[in-house]
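This is model-v2.cif (mmCIF, C-alpha atoms).
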data_structure
#
loop_
_atom_site.label_atom_id
_atom_site.label_comp_id
_atom_site.auth_asym_id
_atom_site.auth_seq_id
_atom_site.Cartn_x
_atom_site.Cartn_y
_atom_site.Cartn_z
CA MET A 11 27.91 -8.63 -34.07
CA ARG A 12 26.49 -11.98 -32.94
CA LEU A 13 29.41 -12.40 -30.51
CA LEU A 14 28.74 -8.94 -29.05
CA ILE A 15 25.09 -9.81 -28.45
CA VAL A 16 26.08 -13.06 -26.74
CA LEU A 17 28.54 -11.20 -24.51
CA LEU A 18 25.95 -8.58 -23.60
CA ILE A 19 23.43 -11.29 -22.69
CA ALA A 20 26.05 -13.08 -20.60
CA CYS A 21 26.96 -9.86 -18.78
CA ALA A 22 23.30 -9.11 -18.08
CA ALA A 23 22.79 -12.63 -16.74
CA ALA A 24 25.85 -12.29 -14.52
CA GLU A 25 24.57 -8.99 -13.14
CA ALA A 26 21.18 -10.53 -12.45
CA GLN A 27 22.81 -13.30 -10.41
CA VAL A 28 24.80 -11.10 -8.00
CA THR A 29 24.92 -12.85 -4.63
CA TYR A 30 24.50 -10.84 -1.45
CA VAL A 31 24.97 -11.92 2.14
CA LEU A 32 22.97 -9.57 4.36
CA LYS A 33 24.07 -9.59 8.00
CA ALA A 34 22.60 -7.89 11.06
CA ALA A 35 22.42 -8.47 14.79
CA ARG A 36 18.96 -10.01 14.49
CA LEU A 37 16.23 -11.07 12.05
CA PHE A 38 12.43 -11.16 12.05
CA ASN A 39 11.25 -13.72 9.50
CA GLY A 40 7.65 -12.53 9.20
CA THR A 41 5.94 -15.47 10.88
CA SER A 42 7.45 -15.90 14.35
CA ASP A 43 6.95 -14.09 17.65
CA HIS A 44 10.69 -14.18 18.19
CA LEU A 45 13.88 -12.89 16.59
CA ILE A 46 16.70 -14.96 15.13
CA GLU A 47 20.19 -13.94 16.28
CA PRO A 48 22.32 -13.23 14.40
CA GLY A 49 20.40 -12.38 11.24
CA ILE A 50 21.71 -13.66 7.91
CA VAL A 51 19.92 -13.65 4.54
CA ILE A 52 21.62 -14.94 1.41
CA VAL A 53 20.28 -13.56 -1.85
CA SER A 54 21.09 -14.57 -5.42
CA GLY A 55 19.52 -12.74 -8.33
CA ASN A 56 16.03 -11.69 -7.27
CA GLN A 57 15.42 -14.51 -4.77
CA ILE A 58 16.28 -15.48 -1.23
CA VAL A 59 18.54 -18.55 -1.30
CA SER A 60 18.59 -19.16 2.43
CA VAL A 61 18.05 -17.62 5.84
CA GLY A 62 21.21 -18.43 7.74
CA GLY A 63 24.12 -20.42 6.32
CA SER A 64 27.73 -19.76 5.38
CA THR A 65 28.97 -17.06 3.04
CA PRO A 66 29.33 -18.26 -0.58
CA GLN A 67 32.48 -17.47 -2.52
CA ASN A 68 32.49 -14.15 -4.39
CA ALA A 69 29.41 -12.93 -2.51
CA THR A 70 28.95 -9.26 -1.63
CA VAL A 71 28.64 -9.00 2.15
CA VAL A 72 26.49 -6.21 3.58
CA ASP A 73 27.03 -5.99 7.35
CA LEU A 74 24.39 -3.74 8.89
CA GLY A 75 25.55 -4.06 12.48
CA ASP A 76 23.10 -3.44 15.34
CA ALA A 77 20.05 -3.72 13.14
CA THR A 78 17.16 -6.08 12.42
CA LEU A 79 16.47 -7.67 9.04
CA LEU A 80 12.78 -7.98 8.11
CA PRO A 81 10.64 -8.77 5.07
CA GLY A 82 9.89 -5.72 2.94
CA PHE A 83 6.98 -3.84 4.48
CA ILE A 84 3.57 -3.89 2.78
CA ASP A 85 1.03 -1.05 2.88
CA ALA A 86 -2.40 -2.33 1.83
CA HIS A 87 -3.97 1.12 1.39
CA THR A 88 -2.16 3.94 -0.39
CA HIS A 89 -2.83 6.68 -2.94
CA LEU A 90 0.59 7.31 -4.47
CA THR A 91 -0.84 9.42 -7.30
CA PHE A 92 -2.25 12.01 -4.88
CA ASP A 93 -0.24 14.43 -2.73
CA PHE A 94 -0.80 15.27 0.91
CA ASP A 95 -1.94 18.89 1.18
CA PRO A 96 -3.06 20.26 4.56
CA ASP A 97 -5.00 23.02 2.77
CA TYR A 98 -8.26 21.28 1.81
CA ASN A 99 -9.56 23.98 -0.53
CA GLY A 100 -6.15 24.51 -2.08
CA ALA A 101 -5.87 20.81 -2.82
CA ARG A 102 -9.23 20.85 -4.62
CA LEU A 103 -8.09 23.75 -6.78
CA ASP A 104 -4.80 21.99 -7.54
CA ALA A 105 -6.74 18.95 -8.71
CA LEU A 106 -8.44 21.14 -11.32
CA ASP A 107 -5.30 23.02 -12.32
CA ARG A 108 -2.48 20.46 -12.33
CA THR A 109 -1.73 18.72 -15.64
CA GLN A 110 -1.65 14.94 -15.86
CA ALA A 111 2.09 15.08 -16.61
CA GLU A 112 2.71 17.04 -13.41
CA GLN A 113 0.53 14.63 -11.44
CA ALA A 114 2.59 11.72 -12.79
CA ILE A 115 5.89 13.36 -11.81
CA HIS A 116 4.61 13.98 -8.29
CA ALA A 117 3.41 10.37 -8.14
CA ALA A 118 6.89 9.12 -9.03
CA ALA A 119 8.35 11.16 -6.15
CA ASN A 120 5.74 9.71 -3.78
CA ALA A 121 6.61 6.19 -4.91
CA ARG A 122 10.30 6.78 -4.25
CA ALA A 123 9.62 8.15 -0.76
CA THR A 124 7.49 5.09 0.03
CA LEU A 125 10.15 2.65 -1.13
CA MET A 126 12.88 4.42 0.84
CA ALA A 127 10.72 4.07 3.95
CA GLY A 128 10.98 0.29 3.58
CA PHE A 129 7.64 -0.38 1.89
CA THR A 130 8.46 -2.61 -1.06
CA THR A 131 4.83 -3.44 -1.91
CA VAL A 132 1.65 -1.35 -1.83
CA ARG A 133 -1.97 -1.72 -2.81
CA ASP A 134 -3.04 1.58 -4.38
CA LEU A 135 -6.77 2.09 -3.86
CA GLY A 136 -8.04 4.82 -6.10
CA SER A 137 -6.49 7.12 -8.67
CA SER A 138 -7.45 9.20 -11.70
CA ASN A 139 -6.52 9.38 -15.37
CA PHE A 140 -4.85 5.93 -15.18
CA ILE A 141 -1.80 7.51 -13.54
CA ASP A 142 -1.60 4.56 -11.15
CA VAL A 143 -1.37 2.16 -14.09
CA GLY A 144 1.38 4.25 -15.67
CA LEU A 145 3.29 4.49 -12.40
CA ARG A 146 3.05 0.73 -11.77
CA ASN A 147 4.20 -0.06 -15.29
CA SER A 148 7.10 2.41 -15.09
CA ILE A 149 8.25 0.93 -11.78
CA ASN A 150 8.01 -2.59 -13.20
CA ALA A 151 10.05 -1.52 -16.23
CA GLY A 152 12.74 0.02 -14.03
CA VAL A 153 12.12 3.53 -15.33
CA THR A 154 11.53 4.96 -11.86
CA PRO A 155 12.10 3.51 -8.37
CA GLY A 156 9.12 2.56 -6.28
CA PRO A 157 7.33 -0.25 -4.50
CA ARG A 158 5.61 -3.13 -6.24
CA MET A 159 2.09 -1.82 -6.90
CA LEU A 160 -1.33 -3.43 -7.14
CA VAL A 161 -3.57 -0.73 -8.62
CA SER A 162 -7.33 -0.23 -8.76
CA VAL A 163 -7.72 2.53 -11.42
CA HIS A 164 -10.78 4.57 -10.31
CA ALA A 165 -12.60 3.56 -7.13
CA LEU A 166 -16.26 2.71 -7.76
CA GLY A 167 -19.15 4.38 -5.95
CA SER A 168 -22.57 5.99 -6.31
CA THR A 169 -23.62 9.30 -7.85
CA GLY A 170 -22.86 12.07 -5.37
CA GLY A 171 -21.01 9.65 -3.09
CA HIS A 172 -17.49 9.52 -1.72
CA CYS A 173 -16.03 8.14 -4.98
CA ASP A 174 -17.77 10.71 -7.23
CA ASP A 175 -15.08 13.26 -8.08
CA GLY A 176 -17.74 15.77 -9.13
CA ALA A 177 -19.53 15.77 -5.78
CA GLY A 178 -19.24 19.16 -4.12
CA PHE A 179 -18.76 21.12 -7.35
CA ARG A 180 -21.58 23.02 -9.06
CA PHE A 181 -23.42 21.30 -11.90
CA GLY A 182 -21.84 22.07 -15.28
CA LEU A 183 -18.36 22.85 -13.97
CA LEU A 184 -17.04 19.52 -15.22
CA ASN A 185 -17.36 18.69 -18.90
CA HIS A 186 -19.75 15.78 -18.32
CA GLU A 187 -21.73 14.05 -15.62
CA ALA A 188 -19.67 11.16 -14.27
CA GLY A 189 -20.63 7.60 -15.21
CA PRO A 190 -19.24 4.06 -14.94
CA GLU A 191 -16.10 4.90 -16.91
CA ASP A 192 -15.37 7.53 -14.22
CA GLY A 193 -16.15 5.13 -11.38
CA VAL A 194 -19.74 6.24 -10.77
CA ILE A 195 -22.32 3.44 -10.71
CA ASP A 196 -26.04 3.33 -9.94
CA SER A 197 -27.15 -0.19 -10.79
CA PRO A 198 -25.87 -3.78 -10.77
CA ASP A 199 -25.32 -3.62 -14.54
CA GLN A 200 -23.27 -0.44 -14.21
CA ALA A 201 -21.28 -2.05 -11.39
CA ARG A 202 -20.42 -5.03 -13.60
CA PHE A 203 -19.46 -2.77 -16.50
CA ALA A 204 -17.27 -0.55 -14.31
CA VAL A 205 -15.42 -3.57 -12.89
CA ARG A 206 -14.79 -4.95 -16.36
CA PHE A 207 -13.78 -1.52 -17.66
CA ASN A 208 -11.23 -1.04 -14.87
CA ILE A 209 -9.77 -4.50 -15.40
CA LYS A 210 -9.65 -3.98 -19.17
CA TYR A 211 -7.47 -0.92 -18.61
CA GLY A 212 -5.11 -2.33 -16.00
CA ALA A 213 -6.71 -2.81 -12.56
CA ASP A 214 -5.16 -5.48 -10.32
CA VAL A 215 -7.79 -4.99 -7.60
CA ILE A 216 -11.26 -3.44 -7.44
CA LYS A 217 -11.98 -0.79 -4.81
CA THR A 218 -15.46 0.46 -3.99
CA CYS A 219 -16.93 3.09 -1.68
CA ALA A 220 -19.63 1.34 0.33
CA THR A 221 -20.21 4.31 2.65
CA GLY A 222 -19.64 8.02 2.87
CA GLY A 223 -16.23 9.44 3.66
CA VAL A 224 -14.46 11.92 5.87
CA LEU A 225 -13.00 14.16 3.17
CA SER A 226 -16.02 14.31 0.84
CA LEU A 227 -18.20 17.39 1.29
CA LYS A 228 -21.72 16.24 0.60
CA ASP A 229 -22.25 12.95 2.46
CA ALA A 230 -22.52 11.62 5.99
CA VAL A 231 -19.39 9.66 6.89
CA ASP A 232 -21.25 6.48 7.85
CA SER A 233 -24.12 6.48 5.32
CA PRO A 234 -24.42 3.39 3.06
CA GLN A 235 -23.95 4.39 -0.57
CA LEU A 236 -24.48 1.20 -2.58
CA THR A 237 -27.32 -1.29 -2.46
CA GLN A 238 -26.84 -4.96 -1.65
CA THR A 239 -27.51 -5.95 -5.27
CA GLU A 240 -24.98 -3.41 -6.55
CA LEU A 241 -22.29 -4.70 -4.20
CA ASP A 242 -23.16 -8.32 -5.01
CA ALA A 243 -22.73 -7.62 -8.72
CA LEU A 244 -19.49 -5.70 -8.20
CA VAL A 245 -17.78 -8.34 -6.06
CA THR A 246 -18.96 -11.26 -8.20
CA ALA A 247 -17.75 -9.58 -11.39
CA ALA A 248 -14.34 -8.89 -9.85
CA HIS A 249 -13.94 -12.38 -8.41
CA ASP A 250 -15.04 -13.97 -11.69
CA LEU A 251 -12.11 -12.17 -13.33
CA GLY A 252 -9.64 -13.16 -10.63
CA ARG A 253 -9.44 -9.81 -8.86
CA LYS A 254 -9.74 -9.16 -5.14
CA THR A 255 -11.94 -6.40 -3.80
CA ALA A 256 -11.69 -3.70 -1.14
CA ALA A 257 -14.47 -1.58 0.34
CA HIS A 258 -14.02 1.87 1.81
CA ALA A 259 -16.51 1.62 4.67
CA HIS A 260 -16.69 3.80 7.76
CA GLY A 261 -20.27 2.92 8.66
CA ALA A 262 -21.53 -0.44 9.91
CA GLU A 263 -24.48 -0.94 7.54
CA GLY A 264 -22.50 -0.29 4.36
CA ALA A 265 -19.74 -2.56 5.66
CA LYS A 266 -22.21 -5.36 6.38
CA ARG A 267 -23.56 -5.16 2.84
CA ALA A 268 -20.02 -5.42 1.49
CA ILE A 269 -19.21 -8.36 3.79
CA ARG A 270 -22.38 -10.20 2.67
CA ALA A 271 -21.32 -9.61 -0.93
CA GLY A 272 -17.98 -11.33 -0.25
CA ILE A 273 -15.67 -8.31 -0.13
CA ASP A 274 -12.06 -9.22 0.67
CA SER A 275 -11.29 -6.27 2.94
CA ILE A 276 -12.96 -3.41 4.78
CA GLU A 277 -10.93 -0.21 4.66
CA HIS A 278 -11.09 2.15 7.67
CA GLY A 279 -14.05 0.50 9.47
CA THR A 280 -14.31 3.44 11.84
CA PHE A 281 -17.89 2.96 13.08
CA LEU A 282 -18.14 -0.83 12.82
CA ASP A 283 -20.40 -2.40 15.44
CA ASP A 284 -19.86 -5.79 17.05
CA GLU A 285 -22.16 -7.51 14.56
CA ALA A 286 -20.08 -6.25 11.64
CA LEU A 287 -16.85 -7.40 13.32
CA ARG A 288 -18.33 -10.85 14.00
CA MET A 289 -19.38 -11.08 10.35
CA MET A 290 -15.82 -10.20 9.29
CA ARG A 291 -14.36 -12.89 11.55
CA GLU A 292 -16.83 -15.49 10.25
CA HIS A 293 -16.31 -14.59 6.58
CA GLY A 294 -12.53 -14.17 6.87
CA THR A 295 -12.81 -10.53 5.80
CA TYR A 296 -9.68 -8.45 6.49
CA LEU A 297 -9.74 -5.10 8.28
CA VAL A 298 -7.35 -2.38 7.11
CA PRO A 299 -7.74 0.27 9.83
CA THR A 300 -5.65 3.20 8.42
CA LEU A 301 -4.98 4.85 11.79
CA ALA A 302 -2.18 6.95 10.29
CA THR A 303 -4.81 9.21 8.76
CA ARG A 304 -5.05 11.02 12.10
CA THR A 305 -1.51 12.35 11.68
CA GLY A 306 -2.49 14.14 8.48
CA LEU A 307 -5.95 15.16 9.66
CA ALA A 308 -4.36 16.87 12.66
CA GLN A 309 -2.20 19.00 10.35
CA SER A 310 -4.98 19.95 7.97
CA LYS A 311 -7.40 22.85 7.61
CA PHE A 312 -10.92 21.76 6.63
CA PRO A 313 -14.33 23.34 6.04
CA PRO A 314 -16.55 22.97 9.15
CA ALA A 315 -18.55 20.02 7.76
CA VAL A 316 -15.39 18.03 6.99
CA GLN A 317 -13.72 19.02 10.27
CA LYS A 318 -16.68 17.66 12.23
CA LYS A 319 -16.50 14.32 10.40
CA ALA A 320 -12.73 14.10 10.89
CA GLU A 321 -13.03 14.65 14.64
CA LEU A 322 -15.78 12.02 14.95
CA ALA A 323 -13.78 9.48 12.98
CA VAL A 324 -10.51 9.92 14.87
CA LYS A 325 -12.39 9.64 18.18
CA GLU A 326 -13.73 6.19 17.22
CA GLN A 327 -10.69 4.60 15.53
CA ASP A 328 -8.98 3.20 18.62
CA ASN A 329 -12.11 1.74 20.18
CA MET A 330 -13.04 -0.01 16.92
CA LEU A 331 -9.59 -1.52 16.42
CA ARG A 332 -9.31 -2.73 20.03
CA ARG A 333 -12.62 -4.57 19.66
CA ALA A 334 -11.51 -6.03 16.32
CA ILE A 335 -8.29 -7.35 17.87
CA GLU A 336 -10.16 -8.86 20.81
CA MET A 337 -12.65 -10.55 18.48
CA GLY A 338 -9.95 -12.11 16.28
CA VAL A 339 -10.60 -10.20 13.06
CA LYS A 340 -7.76 -10.52 10.53
CA ILE A 341 -5.93 -7.19 10.38
CA ALA A 342 -3.58 -6.02 7.62
CA LEU A 343 -1.53 -2.85 7.80
CA GLY A 344 -2.71 0.00 5.60
CA THR A 345 -2.34 3.73 6.05
CA ASP A 346 -4.31 5.74 3.44
CA ALA A 347 -1.07 7.45 2.40
CA ALA A 348 -1.82 10.88 0.86
CA VAL A 349 -4.08 11.76 3.78
CA TYR A 350 -0.72 12.24 5.51
CA PRO A 351 2.73 12.81 3.92
CA HIS A 352 4.09 9.93 1.84
CA GLY A 353 7.05 8.13 3.38
CA ASN A 354 5.69 8.23 6.94
CA ASN A 355 3.87 4.90 6.50
CA ALA A 356 5.66 3.15 9.36
CA VAL A 357 3.84 5.24 11.98
CA GLU A 358 0.97 2.77 11.51
CA PHE A 359 3.02 0.06 13.25
CA SER A 360 3.18 2.16 16.42
CA LEU A 361 -0.50 3.09 16.30
CA ILE A 362 -1.76 -0.48 16.04
CA VAL A 363 0.56 -1.56 18.86
CA HIS A 364 -0.91 1.23 20.98
CA ASP A 365 -4.35 -0.31 20.36
CA GLY A 366 -3.43 -3.77 21.60
CA MET A 367 -1.33 -5.65 19.07
CA SER A 368 2.01 -7.00 20.16
CA PRO A 369 4.99 -5.68 18.17
CA ALA A 370 5.33 -9.10 16.48
CA GLN A 371 1.63 -9.08 15.51
CA ALA A 372 1.99 -5.57 14.12
CA LEU A 373 5.03 -6.57 12.06
CA ARG A 374 3.10 -9.54 10.69
CA ALA A 375 0.18 -7.24 9.82
CA GLY A 376 2.60 -5.29 7.63
CA THR A 377 4.32 -8.33 6.12
CA CYS A 378 2.85 -11.85 5.93
CA VAL A 379 -0.78 -10.95 6.75
CA ALA A 380 -0.85 -8.14 4.21
CA ALA A 381 0.76 -10.47 1.65
CA ASN A 382 -2.08 -12.93 2.22
CA LEU A 383 -4.66 -10.20 1.70
CA LEU A 384 -3.01 -9.10 -1.53
CA GLY A 385 -2.77 -12.68 -2.82
CA LEU A 386 1.03 -12.50 -2.93
CA SER A 387 1.97 -14.83 -0.08
CA ASP A 388 3.68 -17.23 -2.50
CA ARG A 389 6.15 -14.46 -3.41
CA ILE A 390 6.59 -12.00 -0.54
CA GLY A 391 5.81 -11.33 3.12
CA VAL A 392 8.31 -13.66 4.82
CA LEU A 393 12.05 -14.22 4.75
CA GLU A 394 12.52 -17.76 3.49
CA ALA A 395 14.22 -19.58 0.63
CA GLY A 396 12.43 -19.23 -2.69
CA LYS A 397 10.67 -15.94 -1.91
CA LEU A 398 11.49 -12.72 -3.75
CA ALA A 399 14.35 -10.88 -2.08
CA ASP A 400 12.41 -8.00 -0.54
CA VAL A 401 14.44 -7.24 2.58
CA VAL A 402 14.61 -4.19 4.82
CA ALA A 403 16.71 -3.41 7.86
CA VAL A 404 15.92 -1.07 10.73
CA SER A 405 18.17 0.25 13.46
CA GLY A 406 17.70 -1.49 16.78
CA ASN A 407 15.10 -4.04 17.80
CA PRO A 408 11.45 -3.48 16.73
CA LEU A 409 10.16 -6.10 19.17
CA THR A 410 11.34 -3.99 22.11
CA ASP A 411 10.61 -0.64 20.44
CA ILE A 412 8.20 -0.71 17.50
CA LYS A 413 9.26 2.83 16.60
CA ALA A 414 12.40 1.23 15.15
CA THR A 415 10.32 0.60 12.00
CA ARG A 416 10.66 4.33 11.31
CA SER A 417 14.48 4.03 11.25
CA VAL A 418 15.01 2.16 7.99
CA ILE A 419 18.66 1.93 6.98
CA PHE A 420 18.54 -0.65 4.18
CA VAL A 421 16.06 -1.46 1.42
CA MET A 422 16.31 -4.30 -1.09
CA LYS A 423 13.56 -5.09 -3.56
CA GLU A 424 13.82 -8.22 -5.71
CA GLY A 425 17.53 -8.47 -5.03
CA LYS A 426 18.34 -4.85 -5.95
CA VAL A 427 19.65 -2.47 -3.31
CA PHE A 428 17.79 0.83 -3.27
CA ARG A 429 19.03 2.10 0.08
CA ASN A 430 22.08 1.26 2.17
CA ASP A 431 22.88 3.86 4.79
CA SER A 432 25.79 1.77 6.07
CA ALA A 433 27.68 2.21 2.81
CA ASP A 434 27.23 5.81 1.71
CA ARG A 435 29.17 6.00 -1.54
CA THR A 436 28.57 9.68 -2.20
CA GLY A 437 29.78 11.20 1.07
CA LEU A 438 26.70 13.42 0.99
CA GLY A 439 24.30 11.27 2.99
CA VAL A 440 22.41 10.27 -0.15
CA PRO A 441 21.73 6.51 -0.42
CA GLU A 442 22.56 4.66 -3.60
CA LEU A 443 19.59 4.57 -5.96
CA HIS A 444 19.34 1.45 -8.11
CA THR A 445 17.13 1.33 -11.20
CA ASN A 446 17.06 -1.14 -14.04
CA ARG A 447 17.78 1.48 -16.67
CA GLU A 448 21.32 1.89 -17.91
CA ALA A 449 22.61 5.42 -18.53
CA ARG A 450 23.05 6.17 -22.19
CA PRO A 451 24.19 9.20 -24.18
CA GLY A 452 21.51 11.84 -24.34
CA ALA A 453 19.46 10.41 -21.43
CA ASN A 454 19.19 12.89 -18.59
#
Once more with this new file: its structure as structure tokens, please.
Amino acid sequence: MRLLIVLLIACAAAEAQVTYVLKAARLFNGTSDHLIEPGIVIVSGNQIVSVGGSTPQNATVVDLGDATLLPGFIDAHTHLTFDFDPDYNGARLDALDRTQAEQAIHAAANARATLMAGFTTVRDLGSSNFIDVGLRNSINAGVTPGPRMLVSVHALGSTGGHCDDGAGFRFGLLNHEAGPEDGVIDSPDQARFAVRFNIKYGADVIKTCATGGVLSLKDAVDSPQLTQTELDALVTAAHDLGRKTAAHAHGAEGAKRAIRAGIDSIEHGTFLDDEALRMMREHGTYLVPTLATRTGLAQSKFPPAVQKKAELAVKEQDNMLRRAIEMGVKIALGTDAAVYPHGNNAVEFSLIVHDGMSPAQALRAGTCVAANLLGLSDRIGVLEAGKLADVVAVSGNPLTDIKATRSVIFVMKEGKVFRNDSADRTGLGVPELHTNREARPGAN
């Protein structure tokens, strides 16, 4: 029996140390303005051994041809536990009707679609019923495929505000009035408690709603929704416990309050004025512009009040981002996935290039810059020796056509191949799916 255990351990160790040589016509390392030709990445176990170099003995060579190797993409603003639904009222009814188990199964499908699109890491900014925690843990355990997740549990906001799930429903419909445990806060003390509660139950990052929102029924999109003292307490409590913070903020005043409080990123930023952008540059606050929301908003049917807000927001997005780029604000890629269909995340690369970023800057926004925002730059975001082996490949050259980011043909996360269109083993056009779980009798 002891010998069997030793052999099993040895076999597992051998599997973990599989060496891959990934080859393509070119490579973007995540930091440069230029491509390396040809592209070679050598991977052993879950780490990158070298970029370039000769092929080791007994290595598995993956030749991707006329493609570009890049670091795994990072989306700094997703909602994997929510589905895109163009029917606004139908989606609200589904939220009341769908069981938590069904929500979790849908979330797993959304995670898989995101990973297959080349996004190996996401920051998930707002969920319900701790489904984001369960999804993250299941991905980490190899139970279901998906990107590396930093989760926020429930986003924190004011009574009746954008983060209050009960706003817009009649009083008494829900079984209790929402409080700090549900993400609703109305004082500095409640803000501190809510932060600590979220972290106690699994939050990697704290997300707050500093202003109104587009898709909430009862608020103006740019209205500030938390006081300066509430935001100060929230950010300090999160930072004291080693967590970064993100503020949903369309309006300038709410964003300025969050920036003064020390927030790490402003999400959306639609109506930011020049003063707010200067404050962000001076404080080192990141902007996550989420332009991809327009693709879902254009497909959706809203009540008149929401439709008006959506049209106003989309009209201002490009102007705001162009000014942010010109002023030197740090910009990380994030999409607000669930406001549009999951798996279409890479459209954000094209949209930020349209607004003035070079293709190389856009790629960095979705790799090394986003890794810095997430606090993961020691592990991911660039292709270099010692980093985790998160590697994607796209057809063609994304520096000459940024739309190539939508043509992902290869996905590796921590040294495991989840997609390889160049080596279809099934003959049915279905990429190999790699999980950590071993099949066993009775497991379906």
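The smallest atom-to-atom distance between Ala123 (chain A) and any of A:Thr70, A:Ser310, A:Thr154, A:Thr237, using all atoms listed in the file, is found for A:Thr154.
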Applied to the shown file, which residues does the PyMOL selection byres ((chain A and resi 164) around 7) return, written as a PyMOL selection string? chain A and resi 136-138+162-163+165-166+192-193
Any chance you can output those residues with C-alpha atoms as an mmCIF file, in the coordinates of the input?
data_model
loop_
_atom_site.group_PDB
_atom_site.id
_atom_site.type_symbol
_atom_site.label_atom_id
_atom_site.label_comp_id
_atom_site.auth_asym_id
_atom_site.auth_seq_id
_atom_site.Cartn_x
_atom_site.Cartn_y
_atom_site.Cartn_z
ATOM 1 C CA GLY A 136 -8.040 4.820 -6.100
ATOM 2 C CA SER A 137 -6.490 7.120 -8.670
ATOM 3 C CA SER A 138 -7.450 9.200 -11.700
ATOM 4 C CA SER A 162 -7.330 -0.230 -8.760
ATOM 5 C CA VAL A 163 -7.720 2.530 -11.420
ATOM 6 C CA ALA A 165 -12.600 3.560 -7.130
ATOM 7 C CA LEU A 166 -16.260 2.710 -7.760
ATOM 8 C CA ASP A 192 -15.370 7.530 -14.220
ATOM 9 C CA GLY A 193 -16.150 5.130 -11.380
#
So that I can see what lies close to Ala204 (chain A), please list as a PyMOL selection string the residues with an atom at most 7 Å from it, counting all atoms listed in the file and leaving out residues fewer than 4 positions away in the same chain. chain A and resi 190-191+193+200+208
Same residues, C-alpha atoms, output as a PDB file, in the coordinates of the input:
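After the write, result-v4.pdb holds the following:
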ATOM      1  CA  PRO A 190     -19.240   4.060 -14.940  1.00  0.00           C
ATOM      2  CA  GLU A 191     -16.100   4.900 -16.910  1.00  0.00           C
ATOM      3  CA  GLY A 193     -16.150   5.130 -11.380  1.00  0.00           C
ATOM      4  CA  GLN A 200     -23.270  -0.440 -14.210  1.00  0.00           C
ATOM      5  CA  ASN A 208     -11.230  -1.040 -14.870  1.00  0.00           C
TER       6      ASN A 208
END
Residues returned when the PyMOL selection byres ((chain A and resi 205) around 12) runs on this file, as a compact mmCIF listing (two decimals) with C-alpha atoms, keeping the file's coordinate frame:
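To be explicit, this is the file written out as expr_37.txt:
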# COMPACT_ATOMS: atom_id res chain seq x y z
CA SER A 162 -7.33 -0.23 -8.76
CA VAL A 163 -7.72 2.53 -11.42
CA HIS A 164 -10.78 4.57 -10.31
CA ALA A 165 -12.60 3.56 -7.13
CA LEU A 166 -16.26 2.71 -7.76
CA GLY A 167 -19.15 4.38 -5.95
CA PRO A 190 -19.24 4.06 -14.94
CA GLU A 191 -16.10 4.90 -16.91
CA ASP A 192 -15.37 7.53 -14.22
CA GLY A 193 -16.15 5.13 -11.38
CA VAL A 194 -19.74 6.24 -10.77
CA ILE A 195 -22.32 3.44 -10.71
CA PRO A 198 -25.87 -3.78 -10.77
CA ASP A 199 -25.32 -3.62 -14.54
CA GLN A 200 -23.27 -0.44 -14.21
CA ALA A 201 -21.28 -2.05 -11.39
CA ARG A 202 -20.42 -5.03 -13.60
CA PHE A 203 -19.46 -2.77 -16.50
CA ALA A 204 -17.27 -0.55 -14.31
CA ARG A 206 -14.79 -4.95 -16.36
CA PHE A 207 -13.78 -1.52 -17.66
CA ASN A 208 -11.23 -1.04 -14.87
CA ILE A 209 -9.77 -4.50 -15.40
CA LYS A 210 -9.65 -3.98 -19.17
CA TYR A 211 -7.47 -0.92 -18.61
CA GLY A 212 -5.11 -2.33 -16.00
CA ALA A 213 -6.71 -2.81 -12.56
CA ASP A 214 -5.16 -5.48 -10.32
CA VAL A 215 -7.79 -4.99 -7.60
CA ILE A 216 -11.26 -3.44 -7.44
CA LYS A 217 -11.98 -0.79 -4.81
CA THR A 218 -15.46 0.46 -3.99
CA GLU A 240 -24.98 -3.41 -6.55
CA LEU A 241 -22.29 -4.70 -4.20
CA ALA A 243 -22.73 -7.62 -8.72
CA LEU A 244 -19.49 -5.70 -8.20
CA VAL A 245 -17.78 -8.34 -6.06
CA THR A 246 -18.96 -11.26 -8.20
CA ALA A 247 -17.75 -9.58 -11.39
CA ALA A 248 -14.34 -8.89 -9.85
CA HIS A 249 -13.94 -12.38 -8.41
CA ASP A 250 -15.04 -13.97 -11.69
CA LEU A 251 -12.11 -12.17 -13.33
CA GLY A 252 -9.64 -13.16 -10.63
CA ARG A 253 -9.44 -9.81 -8.86
CA LYS A 254 -9.74 -9.16 -5.14
CA THR A 255 -11.94 -6.40 -3.80
Shell of 9 Å around Leu384 (chain A), all atoms listed in the file, local chain residues under 4 positions omitted, as a ChimeraX atom specification: /A:86,133,160,215,254,379-380
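Residue membership of the PyMOL selection byres ((chain A and resi 313) around 12) in the shown file amounts to Pro96, Asp97, Tyr98, Asn99, Gly100, Val224, Leu225, Ser226, Leu227, Lys228, Ser310, Lys311, Phe312, Pro314, Ala315, Val316, Gln317, Lys318, Lys319 and Ala320 of chain A.
The residue that comes closest to Cys219 (chain A), out of A:Ile58, A:Leu236, A:Ala395, A:Thr88 and on the basis of only C-alpha atoms, is A:Leu236.
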Of the candidates A:Asn150, A:Asn430, A:Thr410, A:Ser42, which one gets nearest to Asp73 (chain A) if we count only C-alpha atoms? A:Asn430
So which residues are close to (33.9, -13.6, -2.6), meaning at most 12 Å away in the file's coordinates with all atoms listed in the file counted, and can you show them as an MDAnalysis selection string? chainID A and resid 28:31 64:71
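Taking CA of Val231 (chain A) and CA of Gly385 (chain A) as endpoints, the distance between them is 29.5 Å.
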